$ cat entry.cif   # mmCIF, C-alpha atoms; chains and numbers go by the auth columns
data_my_file
loop_
_atom_site.group_PDB
_atom_site.id
_atom_site.type_symbol
_atom_site.label_atom_id
_atom_site.label_comp_id
_atom_site.label_asym_id
_atom_site.label_seq_id
_atom_site.Cartn_x
_atom_site.Cartn_y
_atom_site.Cartn_z
_atom_site.B_iso_or_equiv
_atom_site.auth_seq_id
_atom_site.auth_asym_id
ATOM 1 C CA MET A 1 131.107 123.071 84.566 0.00 8 A
ATOM 2 C CA MET A 2 131.401 125.443 81.587 0.00 9 A
ATOM 3 C CA THR A 3 132.892 128.915 81.838 0.00 10 A
ATOM 4 C CA THR A 4 131.046 131.999 80.613 0.00 11 A
ATOM 5 C CA GLN A 5 133.175 131.900 77.450 0.00 12 A
ATOM 6 C CA GLU A 6 132.275 128.252 76.841 0.00 13 A
ATOM 7 C CA VAL A 7 128.554 128.883 77.420 0.00 14 A
ATOM 8 C CA ALA A 8 128.678 131.873 75.064 0.00 15 A
ATOM 9 C CA ASN A 9 130.500 129.861 72.401 0.00 16 A
ATOM 10 C CA ARG A 10 127.984 127.020 72.694 0.00 17 A
ATOM 11 C CA TYR A 11 125.067 129.496 72.517 0.00 18 A
ATOM 12 C CA TYR A 12 126.555 131.034 69.377 0.00 19 A
ATOM 13 C CA GLY A 13 127.190 127.667 67.741 0.00 20 A
ATOM 14 C CA LEU A 14 123.655 126.472 68.412 0.00 21 A
ATOM 15 C CA MET A 15 122.184 129.770 67.149 0.00 22 A
ATOM 16 C CA LEU A 16 124.101 129.346 63.886 0.00 23 A
ATOM 17 C CA GLU A 17 122.443 125.926 63.555 0.00 24 A
ATOM 18 C CA ASN A 18 119.027 127.446 64.495 0.00 25 A
ATOM 19 C CA LYS A 19 118.737 125.093 67.483 0.00 26 A
ATOM 20 C CA ARG A 20 116.916 127.479 69.799 0.00 27 A
ATOM 21 C CA GLU A 21 115.130 124.764 71.781 0.00 28 A
ATOM 22 C CA GLN A 22 118.424 122.998 72.404 0.00 29 A
ATOM 23 C CA ILE A 23 119.900 126.260 73.728 0.00 30 A
ATOM 24 C CA VAL A 24 117.147 126.462 76.326 0.00 31 A
ATOM 25 C CA ASP A 25 117.302 122.765 77.228 0.00 32 A
ATOM 26 C CA GLU A 26 121.086 122.615 77.458 0.00 33 A
ATOM 27 C CA LEU A 27 122.248 126.033 78.646 0.00 34 A
ATOM 28 C CA TYR A 28 119.455 127.577 80.743 0.00 35 A
ATOM 29 C CA GLY A 29 119.218 127.143 84.503 0.00 36 A
ATOM 30 C CA GLN A 30 115.981 126.034 86.185 0.00 37 A
ATOM 31 C CA ASP A 31 115.465 129.466 87.769 0.00 38 A
ATOM 32 C CA ILE A 32 116.142 131.516 84.606 0.00 39 A
ATOM 33 C CA ILE A 33 114.765 135.060 84.567 0.00 40 A
ATOM 34 C CA CYS A 34 113.934 136.603 81.194 0.00 41 A
ATOM 35 C CA LYS A 35 113.367 140.358 80.863 0.00 42 A
ATOM 36 C CA GLU A 36 111.868 142.118 77.850 0.00 43 A
ATOM 37 C CA PRO A 37 111.492 145.877 77.353 0.00 44 A
ATOM 38 C CA GLU A 38 108.298 147.591 78.580 0.00 45 A
ATOM 39 C CA HIS A 39 106.996 148.101 75.032 0.00 46 A
ATOM 40 C CA ALA A 40 106.888 144.307 74.565 0.00 47 A
ATOM 41 C CA LEU A 41 103.612 144.311 76.524 0.00 48 A
ATOM 42 C CA ALA A 42 101.915 145.944 73.519 0.00 49 A
ATOM 43 C CA MET A 43 102.848 142.838 71.496 0.00 50 A
ATOM 44 C CA GLY A 44 101.458 140.518 74.173 0.00 51 A
ATOM 45 C CA ILE A 45 104.903 139.572 75.500 0.00 52 A
ATOM 46 C CA PRO A 46 105.379 139.661 79.292 0.00 53 A
ATOM 47 C CA THR A 47 108.190 141.903 80.520 0.00 54 A
ATOM 48 C CA THR A 48 109.445 139.357 83.075 0.00 55 A
ATOM 49 C CA THR A 49 109.278 135.580 82.838 0.00 56 A
ATOM 50 C CA ARG A 50 110.608 133.377 85.646 0.00 57 A
ATOM 51 C CA GLY A 51 111.538 129.715 85.531 0.00 58 A
ATOM 52 C CA LEU A 52 112.606 127.335 82.812 0.00 59 A
ATOM 53 C CA GLU A 53 109.128 125.970 82.040 0.00 60 A
ATOM 54 C CA ALA A 54 107.657 129.493 81.767 0.00 61 A
ATOM 55 C CA VAL A 55 110.476 130.578 79.422 0.00 62 A
ATOM 56 C CA LYS A 56 109.848 127.488 77.277 0.00 63 A
ATOM 57 C CA ALA A 57 106.111 128.262 77.152 0.00 64 A
ATOM 58 C CA LYS A 58 106.811 131.869 76.144 0.00 65 A
ATOM 59 C CA ALA A 59 109.152 130.737 73.361 0.00 66 A
ATOM 60 C CA LYS A 60 106.538 128.282 72.092 0.00 67 A
ATOM 61 C CA ALA A 61 103.858 131.006 72.085 0.00 68 A
ATOM 62 C CA ARG A 62 106.130 133.395 70.183 0.00 69 A
ATOM 63 C CA ALA A 63 107.018 130.700 67.640 0.00 70 A
ATOM 64 C CA ALA A 64 103.298 130.094 67.053 0.00 71 A
ATOM 65 C CA MET A 65 102.946 133.756 65.952 0.00 72 A
ATOM 66 C CA ILE A 66 105.430 133.285 63.090 0.00 73 A
ATOM 67 C CA ALA A 67 104.157 132.491 59.590 0.00 74 A
ATOM 68 C CA GLU A 68 107.595 132.299 57.947 0.00 75 A
ATOM 69 C CA ILE A 69 111.252 132.915 58.819 0.00 76 A
ATOM 70 C CA HIS A 70 113.210 134.278 55.877 0.00 77 A
ATOM 71 C CA GLY A 71 116.562 134.614 57.667 0.00 78 A
ATOM 72 C CA ASP A 72 118.335 134.695 61.038 0.00 79 A
ATOM 73 C CA PHE A 73 121.450 136.417 62.335 0.00 80 A
ATOM 74 C CA CYS A 74 123.513 136.111 65.523 0.00 81 A
ATOM 75 C CA SER A 75 126.708 138.045 66.142 0.00 82 A
ATOM 76 C CA GLU A 76 129.695 136.484 67.836 0.00 83 A
ATOM 77 C CA PRO A 77 129.396 136.916 71.609 0.00 84 A
ATOM 78 C CA LEU A 78 131.165 139.590 73.641 0.00 85 A
ATOM 79 C CA ILE A 79 132.221 138.440 77.114 0.00 86 A
ATOM 80 C CA ALA A 80 132.616 140.507 80.308 0.00 87 A
ATOM 81 C CA GLY A 81 132.956 138.634 83.585 0.00 88 A
ATOM 82 C CA ASN A 82 129.884 136.451 84.083 0.00 89 A
ATOM 83 C CA PHE A 83 128.028 138.110 81.191 0.00 90 A
ATOM 84 C CA PHE A 84 127.932 137.805 77.424 0.00 91 A
ATOM 85 C CA SER A 85 125.956 139.647 74.797 0.00 92 A
ATOM 86 C CA VAL A 86 124.988 139.051 71.190 0.00 93 A
ATOM 87 C CA VAL A 87 123.146 140.961 68.495 0.00 94 A
ATOM 88 C CA LEU A 88 120.234 138.929 67.165 0.00 95 A
ATOM 89 C CA GLY A 89 118.319 139.592 63.981 0.00 96 A
ATOM 90 C CA ARG A 90 115.425 137.966 62.201 0.00 97 A
ATOM 91 C CA ASP A 91 113.763 138.562 58.870 0.00 98 A
ATOM 92 C CA LEU A 92 110.276 137.143 59.326 0.00 99 A
ATOM 93 C CA THR A 93 106.594 137.354 58.621 0.00 100 A
ATOM 94 C CA LEU A 94 104.209 137.122 61.563 0.00 101 A
ATOM 95 C CA LYS A 95 100.782 135.620 60.958 0.00 102 A
ATOM 96 C CA GLY A 96 98.508 138.333 59.534 0.00 103 A
ATOM 97 C CA LYS A 97 101.323 140.925 59.423 0.00 104 A
ATOM 98 C CA PRO A 98 103.703 142.211 56.746 0.00 105 A
ATOM 99 C CA ARG A 99 107.266 140.943 56.493 0.00 106 A
ATOM 100 C CA MET A 100 109.653 142.679 58.926 0.00 107 A
ATOM 101 C CA ASN A 101 113.241 142.755 60.111 0.00 108 A
ATOM 102 C CA LEU A 102 113.763 142.572 63.864 0.00 109 A
ATOM 103 C CA GLN A 103 117.004 143.301 65.687 0.00 110 A
ATOM 104 C CA GLU A 104 117.823 143.107 69.371 0.00 111 A
ATOM 105 C CA ILE A 105 120.690 142.878 71.804 0.00 112 A
ATOM 106 C CA GLY A 106 120.614 139.983 74.247 0.00 113 A
ATOM 107 C CA VAL A 107 122.579 140.137 77.503 0.00 114 A
ATOM 108 C CA PHE A 108 123.032 136.860 79.368 0.00 115 A
ATOM 109 C CA GLU A 109 124.338 136.154 82.872 0.00 116 A
ATOM 110 C CA VAL A 110 126.087 132.853 83.559 0.00 117 A
ATOM 111 C CA LYS A 111 126.477 131.233 86.982 0.00 118 A
ATOM 112 C CA GLU A 112 127.779 127.736 87.647 0.00 119 A
ATOM 113 C CA GLY A 113 127.849 126.948 83.927 0.00 120 A
ATOM 114 C CA LYS A 114 124.207 127.888 83.207 0.00 121 A
ATOM 115 C CA ILE A 115 122.441 130.968 81.870 0.00 122 A
ATOM 116 C CA VAL A 116 120.532 132.356 84.868 0.00 123 A
ATOM 117 C CA SER A 117 119.215 135.570 83.336 0.00 124 A
ATOM 118 C CA GLU A 118 118.638 137.062 79.933 0.00 125 A
ATOM 119 C CA GLN A 119 117.558 140.559 79.010 0.00 126 A
ATOM 120 C CA PHE A 120 116.627 141.810 75.567 0.00 127 A
ATOM 121 C CA PHE A 121 116.851 145.337 74.207 0.00 128 A
ATOM 122 C CA TYR A 122 114.908 146.247 71.065 0.00 129 A
#
$ encode --input "entry.cif" --output "C-alpha cells"
Amino acid sequence: MMTTQEVANRYYGLMLENKREQIVDELYGQDIICKEPEHALAMGIPTTTRGLEAVKAKAKARAAMIAEIHGDFCSEPLIAGNFFSVVLGRDLTLKGKPRMNLQEIGVFEVKEGKIVSEQFFY
C-alpha cells in the first residue's frame, strides 16, 4: 500500500506525462468524492461528484468541451498528513470560446493508498 507521499509523487509524475486517465484508474478509490466550487455550476459542472464511475464520466464530459490544449502545468505536491495539494494550470481553448488560462489548487485526501477525496479551488 502506498503512502500519501508515494501517491502524491505518482500523481505528479503522471500529470507531467499528461496521463490523467491513468491517474484516475490507478490512484482513485472506488468511493472517491470530488468537490468543485459553487461557481462551477454556472459552467455546467456539478459541485459534488461521488463514485469512481461518476468522476470518470465528469472528466470525459469536461474533455469533450475542449477544442485545443496549448499547455499544462502541475506544481510539485505539498504533503500534510493524509493530504497533498498541487497547483494545476491549463492554457486551452474550449469549443466556441476564446483561448484562456485556467489555474486551480487541488487538495487530495489519501486513505489506504488511494485518493478518496479531491477538492478544487479556482
$ resolve_selection --input "entry.cif" --expression "the PyMOL selection byres ((chain A and resi 60-75) around 12)" --output "VMD selection string"
chain A and resid 27 to 32 35 to 43 47 50 to 59 76 to 79 97 to 107 123 to 125
$ write_last_selection --input "entry.cif" --atoms "C-alpha atoms" --output "PDB file, in the coordinates of the input"
ATOM      1  CA  ARG A  27     116.916 127.479  69.799  1.00  0.00           C
ATOM      2  CA  GLU A  28     115.130 124.764  71.781  1.00  0.00           C
ATOM      3  CA  GLN A  29     118.424 122.998  72.404  1.00  0.00           C
ATOM      4  CA  ILE A  30     119.900 126.260  73.728  1.00  0.00           C
ATOM      5  CA  VAL A  31     117.147 126.462  76.326  1.00  0.00           C
ATOM      6  CA  ASP A  32     117.302 122.765  77.228  1.00  0.00           C
ATOM      7  CA  TYR A  35     119.455 127.577  80.743  1.00  0.00           C
ATOM      8  CA  GLY A  36     119.218 127.143  84.503  1.00  0.00           C
ATOM      9  CA  GLN A  37     115.981 126.034  86.185  1.00  0.00           C
ATOM     10  CA  ASP A  38     115.465 129.466  87.769  1.00  0.00           C
ATOM     11  CA  ILE A  39     116.142 131.516  84.606  1.00  0.00           C
ATOM     12  CA  ILE A  40     114.765 135.060  84.567  1.00  0.00           C
ATOM     13  CA  CYS A  41     113.934 136.603  81.194  1.00  0.00           C
ATOM     14  CA  LYS A  42     113.367 140.358  80.863  1.00  0.00           C
ATOM     15  CA  GLU A  43     111.868 142.118  77.850  1.00  0.00           C
ATOM     16  CA  ALA A  47     106.888 144.307  74.565  1.00  0.00           C
ATOM     17  CA  MET A  50     102.848 142.838  71.496  1.00  0.00           C
ATOM     18  CA  GLY A  51     101.458 140.518  74.173  1.00  0.00           C
ATOM     19  CA  ILE A  52     104.903 139.572  75.500  1.00  0.00           C
ATOM     20  CA  PRO A  53     105.379 139.661  79.292  1.00  0.00           C
ATOM     21  CA  THR A  54     108.190 141.903  80.520  1.00  0.00           C
ATOM     22  CA  THR A  55     109.445 139.357  83.075  1.00  0.00           C
ATOM     23  CA  THR A  56     109.278 135.580  82.838  1.00  0.00           C
ATOM     24  CA  ARG A  57     110.608 133.377  85.646  1.00  0.00           C
ATOM     25  CA  GLY A  58     111.538 129.715  85.531  1.00  0.00           C
ATOM     26  CA  LEU A  59     112.606 127.335  82.812  1.00  0.00           C
ATOM     27  CA  ILE A  76     111.252 132.915  58.819  1.00  0.00           C
ATOM     28  CA  HIS A  77     113.210 134.278  55.877  1.00  0.00           C
ATOM     29  CA  GLY A  78     116.562 134.614  57.667  1.00  0.00           C
ATOM     30  CA  ASP A  79     118.335 134.695  61.038  1.00  0.00           C
ATOM     31  CA  ARG A  97     115.425 137.966  62.201  1.00  0.00           C
ATOM     32  CA  ASP A  98     113.763 138.562  58.870  1.00  0.00           C
ATOM     33  CA  LEU A  99     110.276 137.143  59.326  1.00  0.00           C
ATOM     34  CA  THR A 100     106.594 137.354  58.621  1.00  0.00           C
ATOM     35  CA  LEU A 101     104.209 137.122  61.563  1.00  0.00           C
ATOM     36  CA  LYS A 102     100.782 135.620  60.958  1.00  0.00           C
ATOM     37  CA  GLY A 103      98.508 138.333  59.534  1.00  0.00           C
ATOM     38  CA  LYS A 104     101.323 140.925  59.423  1.00  0.00           C
ATOM     39  CA  PRO A 105     103.703 142.211  56.746  1.00  0.00           C
ATOM     40  CA  ARG A 106     107.266 140.943  56.493  1.00  0.00           C
ATOM     41  CA  MET A 107     109.653 142.679  58.926  1.00  0.00           C
ATOM     42  CA  VAL A 123     120.532 132.356  84.868  1.00  0.00           C
ATOM     43  CA  SER A 124     119.215 135.570  83.336  1.00  0.00           C
ATOM     44  CA  GLU A 125     118.638 137.062  79.933  1.00  0.00           C
TER      45      GLU A 125
END
$ residues_around --input "entry.cif" --residues "range 86-94 of chain A" --least-positions-apart "6" --cutoff "8 Å" --atoms "all atoms listed in the file" --output "compact mmCIF listing (two decimals) with C-alpha atoms, in the frame of the given file"
# COMPACT_ATOMS: atom_id res chain seq x y z
CA THR A 11 131.05 132.00 80.61
CA GLN A 12 133.18 131.90 77.45
CA ALA A 15 128.68 131.87 75.06
CA PHE A 80 121.45 136.42 62.34
CA GLN A 110 117.00 143.30 65.69
CA GLU A 111 117.82 143.11 69.37
CA ILE A 112 120.69 142.88 71.80
CA GLY A 113 120.61 139.98 74.25
CA VAL A 114 122.58 140.14 77.50
CA PHE A 115 123.03 136.86 79.37
CA GLU A 116 124.34 136.15 82.87
CA VAL A 117 126.09 132.85 83.56
CA LYS A 118 126.48 131.23 86.98
$ axis_aligned_box --input "entry.cif" --around "range 94-113 of chain A" --padding-each-side "3 Å" --output "lines of an AutoDock Vina configuration file"
center_x = 110.8
center_y = 139.5
center_z = 65.4
size_x = 30.6
size_y = 13.7
size_z = 23.8
$ atom_distance --input "entry.cif" --atom1 "CA of Lys26 in chain A" --atom2 "CA of Tyr129 in chain A"
21.8 Å
$ atom_distance --input "entry.cif" --atom1 "CA of Met8 in chain A" --atom2 "CA of Gly120 in chain A"
5.1 Å
$ atom_distance --input "entry.cif" --atom1 "CA of Val14 in chain A" --atom2 "CA of Phe128 in chain A"
20.4 Å
$ closest_residue --input "entry.cif" --among "A:Leu34, A:Asn108, A:Ala49, A:Lys121" --to "Tyr18 in chain A" --atoms "all atoms listed in the file"
A:Leu34
$ closest_residue --input "entry.cif" --among "A:Gly96, A:His46, A:Glu33, A:Glu119" --to "Cys81 in chain A" --atoms "all atoms listed in the file"
A:Gly96
$ decode --input "entry.cif" --residues "range 45-61 of chain A" --atoms "N, CA and C atoms" --output "short mmCIF file (atom, residue, chain, number, x, y, z; two decimals), in the first residue's frame"
data_model
loop_
_atom_site.label_atom_id
_atom_site.label_comp_id
_atom_site.auth_asym_id
_atom_site.auth_seq_id
_atom_site.Cartn_x
_atom_site.Cartn_y
_atom_site.Cartn_z
N GLU A 45 -18.76 26.42 -5.79
CA GLU A 45 -20.16 26.70 -6.15
C GLU A 45 -20.30 27.33 -7.53
N HIS A 46 -19.35 28.20 -7.91
CA HIS A 46 -19.49 28.88 -9.20
C HIS A 46 -19.27 27.94 -10.39
N ALA A 47 -18.84 26.71 -10.14
CA ALA A 47 -18.68 25.74 -11.22
C ALA A 47 -20.03 25.37 -11.84
N LEU A 48 -21.11 25.49 -11.05
CA LEU A 48 -22.44 25.18 -11.57
C LEU A 48 -22.78 26.02 -12.81
N ALA A 49 -22.32 27.27 -12.83
CA ALA A 49 -22.58 28.15 -13.97
C ALA A 49 -21.93 27.64 -15.24
N MET A 50 -20.89 26.80 -15.10
CA MET A 50 -20.21 26.22 -16.26
C MET A 50 -20.74 24.82 -16.56
N GLY A 51 -21.79 24.41 -15.85
CA GLY A 51 -22.37 23.09 -16.06
C GLY A 51 -21.63 21.97 -15.36
N ILE A 52 -20.80 22.31 -14.38
CA ILE A 52 -20.02 21.31 -13.65
C ILE A 52 -20.66 21.10 -12.27
N PRO A 53 -21.00 19.87 -11.92
CA PRO A 53 -21.61 19.63 -10.60
C PRO A 53 -20.62 19.95 -9.48
N THR A 54 -21.16 20.43 -8.35
CA THR A 54 -20.29 20.79 -7.24
C THR A 54 -19.80 19.57 -6.46
N THR A 55 -20.55 18.49 -6.47
CA THR A 55 -20.13 17.26 -5.80
C THR A 55 -20.40 16.06 -6.71
N THR A 56 -19.38 15.25 -6.88
CA THR A 56 -19.50 14.03 -7.68
C THR A 56 -19.01 12.89 -6.80
N ARG A 57 -19.80 11.82 -6.74
CA ARG A 57 -19.47 10.68 -5.87
C ARG A 57 -19.32 9.40 -6.67
N GLY A 58 -18.23 8.69 -6.40
CA GLY A 58 -18.00 7.39 -7.02
C GLY A 58 -17.09 7.47 -8.23
N LEU A 59 -16.29 6.43 -8.39
CA LEU A 59 -15.28 6.40 -9.43
C LEU A 59 -15.88 6.53 -10.83
N GLU A 60 -16.96 5.82 -11.11
CA GLU A 60 -17.55 5.88 -12.45
C GLU A 60 -18.11 7.27 -12.75
N ALA A 61 -18.71 7.92 -11.75
CA ALA A 61 -19.25 9.27 -11.94
C ALA A 61 -18.12 10.28 -12.17
#
